[in-house]
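J.: I have a structure I would like to understand better, so I am pasting it below and will then ask my questions one at a time.
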Amino acid sequence: MIRVEIIANRSVEENILEALAKEGVGKFYTMIPNVLGVGACGPRMGTAVWPEENFSLVIWCDEYEARAIAEVIAKIKEKFPGEGIKLFGLE
């Protein structure tokens with residue numbers, strides 16, 4: 001099993017969920033709706049100074065599905081290059 005974690009700006013949450021559903025992958029996940037932190041795209045703190053927030057999806061799946069999820073996320077990243085979309089995988 002592989003743990004896939006997606007951390008992205010809340011502005012693309014619906015796009016990611018729709019794209020995963022369209023491809024039939026990532027059907028079972030845990031969502032952490034408000035994720036704060038600092039990454040390469042800058043702070044996401046949910047405050048007046050840094051108002052944006054991220055969300056996170058955690059998906060446990062096999063290697064085939066993990067690769068399909070990675071392809072979906074790569075397409076979303078192409079469409080929204082400045083939104084800070086990251087994907088991590090652990091065996």
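To be explicit about the labels: the chains of the structure tokens are called A, B, and onward in the order shown, and within each one the residues are counted from 1, while ligands get numbers from 1 in the order they are shown.
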From region 8-82 of chain A, collect each residue whose DSSP state is alpha helix (DSSP H) and return the set as a list in words.

T.: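 Here are the alpha helix (DSSP H) residues of region 8-82 of chain A: Glu13, Glu14, Asn15, Ile16, Leu17, Glu18, Ala19, Leu20, Ala21, Lys22, Glu23, Glu63, Tyr64, Glu65, Ala66, Arg67, Ala68, Ile69, Ala70, Glu71, Val72, Ile73, Ala74, Lys75, Ile76, Lys77, Glu78 and Lys79 of chain A.
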
J.: Identify, on the basis of only C-alpha atoms, every residue whose closest approach to region 68-80 of chain A does not exceed 9 Å; exclude the query and any residue fewer than 5 positions from it along the same chain; express the result as a JSON list (two decimals) with all heavy atoms, in the first residue's frame.

T.:
[["chain", "number", "residue", "atom", "x", "y", "z"],
["A", 4, "VAL", "N", -0.68, 8.33, -0.31],
["A", 4, "VAL", "CA", -0.57, 9.49, -1.17],
["A", 4, "VAL", "C", -1.15, 10.67, -0.40],
["A", 4, "VAL", "O", -2.25, 10.57, 0.15],
["A", 4, "VAL", "CB", -1.37, 9.29, -2.48],
["A", 4, "VAL", "CG1", -1.37, 10.56, -3.32],
["A", 4, "VAL", "CG2", -0.80, 8.12, -3.27],
["A", 6, "ILE", "N", -1.93, 14.78, -0.78],
["A", 6, "ILE", "CA", -2.04, 15.95, -1.65],
["A", 6, "ILE", "C", -2.28, 17.15, -0.74],
["A", 6, "ILE", "O", -3.19, 17.13, 0.09],
["A", 6, "ILE", "CB", -3.22, 15.80, -2.64],
["A", 6, "ILE", "CG1", -3.03, 14.55, -3.50],
["A", 6, "ILE", "CG2", -3.36, 17.07, -3.49],
["A", 6, "ILE", "CD1", -4.30, 14.09, -4.20],
["A", 12, "VAL", "N", -8.38, 25.34, -5.37],
["A", 12, "VAL", "CA", -8.44, 24.28, -6.37],
["A", 12, "VAL", "C", -9.01, 22.97, -5.81],
["A", 12, "VAL", "O", -8.97, 21.94, -6.49],
["A", 12, "VAL", "CB", -7.06, 24.03, -7.02],
["A", 12, "VAL", "CG1", -6.60, 25.23, -7.83],
["A", 12, "VAL", "CG2", -6.02, 23.64, -5.99],
["A", 15, "ASN", "N", -11.67, 21.44, -8.05],
["A", 15, "ASN", "CA", -11.07, 20.97, -9.30],
["A", 15, "ASN", "C", -10.38, 19.62, -9.10],
["A", 15, "ASN", "O", -10.49, 18.72, -9.94],
["A", 15, "ASN", "CB", -10.06, 21.99, -9.84],
["A", 15, "ASN", "CG", -10.69, 23.33, -10.11],
["A", 15, "ASN", "OD1", -10.71, 24.18, -9.22],
["A", 15, "ASN", "ND2", -11.22, 23.53, -11.29],
["A", 16, "ILE", "N", -9.66, 19.49, -8.00],
["A", 16, "ILE", "CA", -8.94, 18.24, -7.71],
["A", 16, "ILE", "C", -9.92, 17.11, -7.46],
["A", 16, "ILE", "O", -9.80, 16.02, -8.03],
["A", 16, "ILE", "CB", -7.97, 18.43, -6.53],
["A", 16, "ILE", "CG1", -6.80, 19.32, -6.97],
["A", 16, "ILE", "CG2", -7.47, 17.08, -6.00],
["A", 16, "ILE", "CD1", -5.85, 19.73, -5.87],
["A", 19, "ALA", "N", -11.60, 16.06, -10.71],
["A", 19, "ALA", "CA", -10.68, 15.37, -11.61],
["A", 19, "ALA", "C", -10.42, 13.94, -11.13],
["A", 19, "ALA", "O", -10.38, 13.01, -11.94],
["A", 19, "ALA", "CB", -9.37, 16.14, -11.73],
["A", 20, "LEU", "N", -10.24, 13.76, -9.83],
["A", 20, "LEU", "CA", -10.06, 12.41, -9.29],
["A", 20, "LEU", "C", -11.29, 11.55, -9.54],
["A", 20, "LEU", "O", -11.18, 10.39, -9.97],
["A", 20, "LEU", "CB", -9.75, 12.47, -7.79],
["A", 20, "LEU", "CG", -8.40, 13.07, -7.39],
["A", 20, "LEU", "CD1", -8.33, 13.27, -5.87],
["A", 20, "LEU", "CD2", -7.24, 12.22, -7.87],
["A", 23, "GLU", "N", -11.63, 10.41, -13.17],
["A", 23, "GLU", "CA", -10.72, 9.32, -13.52],
["A", 23, "GLU", "C", -10.99, 8.05, -12.71],
["A", 23, "GLU", "O", -10.37, 7.03, -12.94],
["A", 23, "GLU", "CB", -9.27, 9.76, -13.34],
["A", 23, "GLU", "CG", -8.86, 10.85, -14.31],
["A", 23, "GLU", "CD", -8.97, 10.43, -15.77],
["A", 23, "GLU", "OE1", -8.59, 9.28, -16.10],
["A", 23, "GLU", "OE2", -9.42, 11.25, -16.58],
["A", 25, "VAL", "N", -10.34, 7.50, -9.50],
["A", 25, "VAL", "CA", -9.27, 7.19, -8.55],
["A", 25, "VAL", "C", -9.44, 8.06, -7.31],
["A", 25, "VAL", "O", -10.13, 9.07, -7.33],
["A", 25, "VAL", "CB", -7.88, 7.39, -9.17],
["A", 25, "VAL", "CG1", -7.64, 6.41, -10.30],
["A", 25, "VAL", "CG2", -7.68, 8.83, -9.66],
["A", 26, "GLY", "N", -8.81, 7.65, -6.23],
["A", 26, "GLY", "CA", -8.89, 8.42, -5.00],
["A", 26, "GLY", "C", -10.29, 8.50, -4.43],
["A", 26, "GLY", "O", -10.66, 9.50, -3.83],
["A", 63, "GLU", "N", -0.09, 0.72, -5.94],
["A", 63, "GLU", "CA", 0.84, 1.49, -6.78],
["A", 63, "GLU", "C", 0.19, 1.96, -8.07],
["A", 63, "GLU", "O", 0.42, 3.09, -8.52],
["A", 63, "GLU", "CB", 2.08, 0.65, -7.09],
["A", 63, "GLU", "CG", 3.13, 1.42, -7.85],
["A", 63, "GLU", "CD", 4.40, 0.62, -8.07],
["A", 63, "GLU", "OE1", 4.62, -0.39, -7.38],
["A", 63, "GLU", "OE2", 5.18, 1.04, -8.94],
["A", 85, "ILE", "N", 0.24, 23.30, -5.52],
["A", 85, "ILE", "CA", -0.31, 21.95, -5.42],
["A", 85, "ILE", "C", 0.85, 20.97, -5.30],
["A", 85, "ILE", "O", 1.73, 20.91, -6.15],
["A", 85, "ILE", "CB", -1.14, 21.62, -6.68],
["A", 85, "ILE", "CG1", -2.25, 22.65, -6.86],
["A", 85, "ILE", "CG2", -1.68, 20.20, -6.61],
["A", 85, "ILE", "CD1", -2.90, 22.63, -8.23],
["A", 86, "LYS", "N", 0.86, 20.20, -4.21],
["A", 86, "LYS", "CA", 1.95, 19.24, -3.96],
["A", 86, "LYS", "C", 1.38, 17.84, -3.76],
["A", 86, "LYS", "O", 0.31, 17.68, -3.21],
["A", 86, "LYS", "CB", 2.74, 19.63, -2.72],
["A", 86, "LYS", "CG", 3.32, 21.02, -2.77],
["A", 86, "LYS", "CD", 4.34, 21.18, -3.86],
["A", 86, "LYS", "CE", 4.93, 22.58, -3.81],
["A", 86, "LYS", "NZ", 5.41, 23.03, -5.07],
["A", 87, "LEU", "N", 2.15, 16.86, -4.21],
["A", 87, "LEU", "CA", 1.76, 15.46, -4.04],
["A", 87, "LEU", "C", 2.96, 14.71, -3.47],
["A", 87, "LEU", "O", 4.09, 14.88, -3.95],
["A", 87, "LEU", "CB", 1.36, 14.85, -5.39],
["A", 87, "LEU", "CG", 0.97, 13.39, -5.31],
["A", 87, "LEU", "CD1", -0.35, 13.16, -6.02],
["A", 87, "LEU", "CD2", 2.04, 12.52, -5.89]]

J.: Report the distance between CA of Val35 (chain A) and CA of Gly89 (chain A) in Å, rounded to one decimal place.

T.: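 CA of Val35 (chain A) sits 18.0 Å away from CA of Gly89 (chain A).
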
J.: Give me, as a list of chain:residue names, all polymer residues having an atom no more than 7 Å from Met31 (chain A), counting only C-alpha atoms and skipping those fewer than 3 positions away in the same chain.

T.: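 With the cut-off at 7 Å, the set is A:Ser56, A:Leu57, A:Val58.
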
J.: Write out as number ranges by chain each polymer residue whose atoms come within 9 Å of Gly46 (chain A), counting only C-alpha atoms; drop sequence neighbours fewer than 5 positions from it.

T.: A: 34-36, 51-54

J.: Out of A:Trp50, A:Tyr64, A:Phe55, A:Tyr29, which residue has the shortest atom-to-atom distance to Arg10 (chain A) when counting only C-alpha atoms?

T.: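 Answer, going by the shortest atom-to-atom distance: A:Phe55.
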
J.: Kindly indicate which residue among A:Met45, A:Gly84, A:Pro33, A:Phe28 lies nearest to Arg3 (chain A), using only C-alpha atoms for the distances.

T.: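 Selected residue with least distance to Arg3 (chain A): A:Phe28.
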
J.: Could you tell me how far CA of Glu14 (chain A) sits from CA of Cys61 (chain A), in Å to one decimal place?

T.: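 According to the coordinates, CA of Cys61 (chain A) and CA of Glu14 (chain A) are separated by 21.0 Å.
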
J.: Which one is closest to Gly82 (chain A): A:Ile59, A:Cys41, A:Ile32, A:Leu17? Count only C-alpha atoms.

T.: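 Answer, going by the shortest atom-to-atom distance: A:Cys41.
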
J.: Residues of chain A classed as strand (DSSP E) by DSSP on the backbone are to be reported as a PyMOL selection string.

T.: chain A and resi 2-9+30-35+37-39+42-44+54-61+86-90

J.: Just N, CA, C and O atoms for this one: save the residues we selected as a short mmCIF file (atom, residue, chain, number, x, y, z; two decimals), in the first residue's frame.

T.:
data_model
loop_
_atom_site.label_atom_id
_atom_site.label_comp_id
_atom_site.auth_asym_id
_atom_site.auth_seq_id
_atom_site.Cartn_x
_atom_site.Cartn_y
_atom_site.Cartn_z
N ILE A 2 0.38 2.26 -0.64
CA ILE A 2 1.08 3.54 -0.72
C ILE A 2 0.19 4.62 -0.12
O ILE A 2 -1.01 4.66 -0.38
N ARG A 3 0.80 5.46 0.69
CA ARG A 3 0.09 6.62 1.23
C ARG A 3 0.38 7.79 0.30
O ARG A 3 1.52 8.20 0.13
N VAL A 4 -0.68 8.33 -0.31
CA VAL A 4 -0.57 9.49 -1.17
C VAL A 4 -1.15 10.67 -0.40
O VAL A 4 -2.25 10.57 0.15
N GLU A 5 -0.38 11.75 -0.34
CA GLU A 5 -0.87 12.94 0.33
C GLU A 5 -0.81 14.10 -0.65
O GLU A 5 0.21 14.34 -1.27
N ILE A 6 -1.93 14.78 -0.78
CA ILE A 6 -2.04 15.95 -1.65
C ILE A 6 -2.28 17.15 -0.74
O ILE A 6 -3.19 17.13 0.09
N ILE A 7 -1.45 18.16 -0.90
CA ILE A 7 -1.64 19.41 -0.17
C ILE A 7 -1.75 20.50 -1.23
O ILE A 7 -0.89 20.62 -2.11
N ALA A 8 -2.85 21.27 -1.16
CA ALA A 8 -3.10 22.26 -2.20
C ALA A 8 -3.91 23.43 -1.66
O ALA A 8 -4.58 23.31 -0.64
N ASN A 9 -3.84 24.52 -2.39
CA ASN A 9 -4.63 25.70 -2.06
C ASN A 9 -6.12 25.36 -2.11
O ASN A 9 -6.56 24.64 -3.00
N THR A 30 -9.15 10.68 3.29
CA THR A 30 -9.37 11.50 4.48
C THR A 30 -9.02 12.92 4.08
O THR A 30 -7.95 13.15 3.51
N MET A 31 -9.92 13.86 4.38
CA MET A 31 -9.65 15.25 4.06
C MET A 31 -9.40 16.03 5.34
O MET A 31 -10.15 15.92 6.30
N ILE A 32 -8.36 16.80 5.31
CA ILE A 32 -8.07 17.77 6.37
C ILE A 32 -8.38 19.12 5.74
O ILE A 32 -7.64 19.58 4.86
N PRO A 33 -9.49 19.75 6.12
CA PRO A 33 -9.99 20.91 5.38
C PRO A 33 -9.19 22.20 5.55
O PRO A 33 -9.17 23.01 4.62
N ASN A 34 -8.56 22.43 6.66
CA ASN A 34 -7.82 23.67 6.88
C ASN A 34 -6.39 23.37 7.26
O ASN A 34 -6.11 23.01 8.40
N VAL A 35 -5.49 23.51 6.31
CA VAL A 35 -4.09 23.22 6.54
C VAL A 35 -3.32 24.52 6.39
O VAL A 35 -3.39 25.19 5.37
N GLY A 37 0.44 26.71 6.77
CA GLY A 37 1.87 26.51 6.72
C GLY A 37 2.52 27.40 5.70
O GLY A 37 1.89 28.27 5.10
N VAL A 38 3.81 27.16 5.50
CA VAL A 38 4.60 27.94 4.56
C VAL A 38 5.29 26.97 3.61
O VAL A 38 5.97 26.04 4.04
N GLY A 39 5.09 27.20 2.34
CA GLY A 39 5.73 26.39 1.32
C GLY A 39 6.38 27.28 0.28
O GLY A 39 6.52 28.49 0.47
N GLY A 42 4.62 30.41 -0.71
CA GLY A 42 4.40 31.42 0.32
C GLY A 42 3.51 30.94 1.43
O GLY A 42 3.01 29.82 1.43
N PRO A 43 3.29 31.81 2.42
CA PRO A 43 2.48 31.46 3.59
C PRO A 43 1.00 31.26 3.24
O PRO A 43 0.44 31.98 2.42
N ARG A 44 0.41 30.28 3.88
CA ARG A 44 -1.04 30.04 3.83
C ARG A 44 -1.47 29.92 5.29
O ARG A 44 -1.38 28.85 5.88
N ASN A 54 -4.69 26.09 2.81
CA ASN A 54 -4.58 24.86 2.04
C ASN A 54 -5.54 23.83 2.61
O ASN A 54 -6.14 24.01 3.67
N PHE A 55 -5.65 22.72 1.90
CA PHE A 55 -6.35 21.54 2.39
C PHE A 55 -5.46 20.35 2.08
O PHE A 55 -4.50 20.46 1.30
N SER A 56 -5.74 19.23 2.68
CA SER A 56 -4.96 18.03 2.43
C SER A 56 -5.86 16.83 2.25
O SER A 56 -6.88 16.70 2.94
N LEU A 57 -5.50 15.97 1.31
CA LEU A 57 -6.16 14.67 1.12
C LEU A 57 -5.14 13.59 1.41
O LEU A 57 -3.99 13.67 0.93
N VAL A 58 -5.52 12.59 2.17
CA VAL A 58 -4.68 11.42 2.43
C VAL A 58 -5.41 10.21 1.85
O VAL A 58 -6.57 9.96 2.19
N ILE A 59 -4.71 9.50 0.97
CA ILE A 59 -5.31 8.36 0.27
C ILE A 59 -4.36 7.17 0.40
O ILE A 59 -3.17 7.29 0.10
N TRP A 60 -4.87 6.04 0.86
CA TRP A 60 -4.11 4.80 0.87
C TRP A 60 -4.57 3.98 -0.32
O TRP A 60 -5.77 3.74 -0.50
N CYS A 61 -3.62 3.54 -1.17
CA CYS A 61 -4.00 2.83 -2.38
C CYS A 61 -2.84 1.96 -2.86
O CYS A 61 -1.75 2.00 -2.30
N LYS A 86 0.86 20.20 -4.21
CA LYS A 86 1.95 19.24 -3.96
C LYS A 86 1.38 17.84 -3.76
O LYS A 86 0.31 17.68 -3.21
N LEU A 87 2.15 16.86 -4.21
CA LEU A 87 1.76 15.46 -4.04
C LEU A 87 2.96 14.71 -3.47
O LEU A 87 4.09 14.88 -3.95
N PHE A 88 2.71 13.91 -2.45
CA PHE A 88 3.75 13.12 -1.80
C PHE A 88 3.28 11.67 -1.74
O PHE A 88 2.07 11.42 -1.60
N GLY A 89 4.20 10.73 -1.82
CA GLY A 89 3.85 9.33 -1.70
C GLY A 89 4.85 8.59 -0.83
O GLY A 89 6.05 8.84 -0.91
N LEU A 90 4.32 7.69 0.01
CA LEU A 90 5.16 6.85 0.88
C LEU A 90 4.69 5.41 0.79
O LEU A 90 3.50 5.14 0.81
#
